[in-house]
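Asks: Below: one structure in structure tokens.
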Amino acid sequence: MSQEFCSLISPPVLSAGSDRDLRLDSTIQELPMYTFGVEVSVTGAEVGKYFDKYPLLPGVILLEQGQFIGMISRRRLVEFLMRPYGQELFFKEPLDVLYSYARLAILVLADTTPILAAMQHTLRRSPEFLAEPIVVHTADNSYKLLDPHELNVAAWQIRGVETQVRYERSQAQMIQNDKMARLGRLVDGVAHEILDPVGFIWGNLSHIANYSQDLLKLIAAYDDCLPQGCTEIKDIKDEIEFDYLQEDLSKAITSARSGAERLKKLVTSLQNFCHIDAVYPKPMDLHAAIDSIVILIKSRLKGEITIIKNYGKIPPVSCFIGQLNQVLMNLLSQAVDSLLDESVRQLQPDFHKNPKHPTIEITTAVISQSATQPNQDSRWVSICVADNGPGMPDELQKQILENFSIEKRTETETSLAVSYRIITARHGGKLNFSSQLGVGTKFEILLPLL
């Protein structure tokens, strides 16, 4: 090879791929790629020597005064040289002559492109271009060649990992569903055992209240008939503090009735939360479901957080109430955690801002999407859970939205990701999310009205 051409050809360099296992979010920069840049003034004969020496070299990057202008694959170069008079026409001519005939659409991707996304771009090409190498633009503004076979193998490996992750996740979900079903049946049985004696107490309290009033009337009648009384009766009254007992008895019965009512509501809410869904959705009262979740979660509030309910007029909604209860619990727990963390932060000595009283606002309404989608008159039931907490930074919001995205496949699922899947996949609804630092966070559940 002449000294003149040696300065115009960079010997091929194969970059080693990553030695770590491929993941769902692996990018094409982790795959082995060739660096082979040649000035277009070089002849086809000179490039052919490198193709003979490196049989796996997929093509050549064309440069003009060091700047990228295109790519010719090994397959295209061989095709042109094998044509009648091909060697006479192109073998000793500069590559720019050959490129003027062999120029094709080139797929150029950034090296940060995920492998699965790169595979999708590759498959969108015309069938005659599927074997063409992919040009990869790196962060240092250089260009490399990626063999589509390497990409295909890597994509199949990731598909295998994805299938394994989905299988393990489905197995875990089946086990979790079985545990929840068993827990639901257990809680339902315990709830019945609690509700039975509570029912006895509740039913007898009204009779006890009437009986006590009758006895007090009887004692008052004796006092009227025997105003002087006897010393023994007077001593007993003083001993039992009869005047205080007469005044406090009705209060004690009212307090016992209130406690029995609270216990009944709590057990009923727990029973509703562990409800085992049927095969098909059923019309349910969403306000009753929200009230049940609020009763269960109040044990964490301890008077520090105020829950405001702005209930609109909404009809029964066809849904899987057990799964919807899980979503409501996740969203309310998210809001409570945020507000409690903010309350702890406000107690720190270096916190000088005027603290806001922690508040969660739950709003329900029937809305129409016709304002934003003129050709549609669909109606939705909206359930908004908003807090006045510190809000979320942009990075955390991005992570949550990525978990909501179908294109983003994560190996672990958060409670919000599970909630998103329940609302969208199981109910055909929407789960919207917004947050602003210093203002608060808002989640909106939209369920279609059929």
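The way I read the labels, and the way they are meant: chains A, B, ... in the order of the structure tokens, residue 1 as the first residue of every chain, and ligand 1 as the first ligand shown, with later ones counted on from there.
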Residues at most 7 Å from A:Ile158, counting only C-alpha atoms, excluding those fewer than 4 positions away in the same chain, as a tab-separated table (two decimals) with N, CA and C atoms, in the first residue's frame?

Replies:
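Resulting contents of part.tsv:
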```tsv
chain	number	residue	atom	x	y	z
A	22	LEU	N	-26.59	-8.00	29.80
A	22	LEU	CA	-27.51	-7.02	29.25
A	22	LEU	C	-28.75	-6.92	30.12
A	23	ARG	N	-29.25	-5.69	30.25
A	23	ARG	CA	-30.45	-5.43	31.03
A	23	ARG	C	-31.54	-4.90	30.11
A	24	LEU	N	-32.71	-4.68	30.67
A	24	LEU	CA	-33.82	-4.19	29.86
A	24	LEU	C	-33.55	-2.80	29.31
A	154	ALA	N	-28.39	-9.43	20.57
A	154	ALA	CA	-28.56	-8.72	21.84
A	154	ALA	C	-30.03	-8.49	22.15
A	162	GLU	N	-36.50	-10.11	29.48
A	162	GLU	CA	-37.82	-9.52	29.70
A	162	GLU	C	-38.86	-10.60	29.95
```

Asks: Enumerate, as a count of residues only, the complete set of residues in stretch 181-343 of chain A that a backbone-based DSSP assignment places in strand (DSSP E or B).

Replies: 11

Asks: Please extract the residues of stretch 257-366 of chain A with a backbone DSSP assignment of alpha helix (DSSP H) and present them as a PyMOL selection string.

Replies: chain A and resi 257-273+286-297+321-346

Asks: Name all residues at most 8 Å from A:Thr122 (count only C-alpha atoms; drop same-chain ones fewer than 5 positions away) and give them as a ChimeraX atom specification.

Replies: /A:107,130,148

Asks: Which residues are near A:Ile362? Cut-off 9 Å, only C-alpha atoms, ignore same chain within fewer than 3 positions. Put them as a ChimeraX atom specification.

Replies: /A:290,307-311,383-387
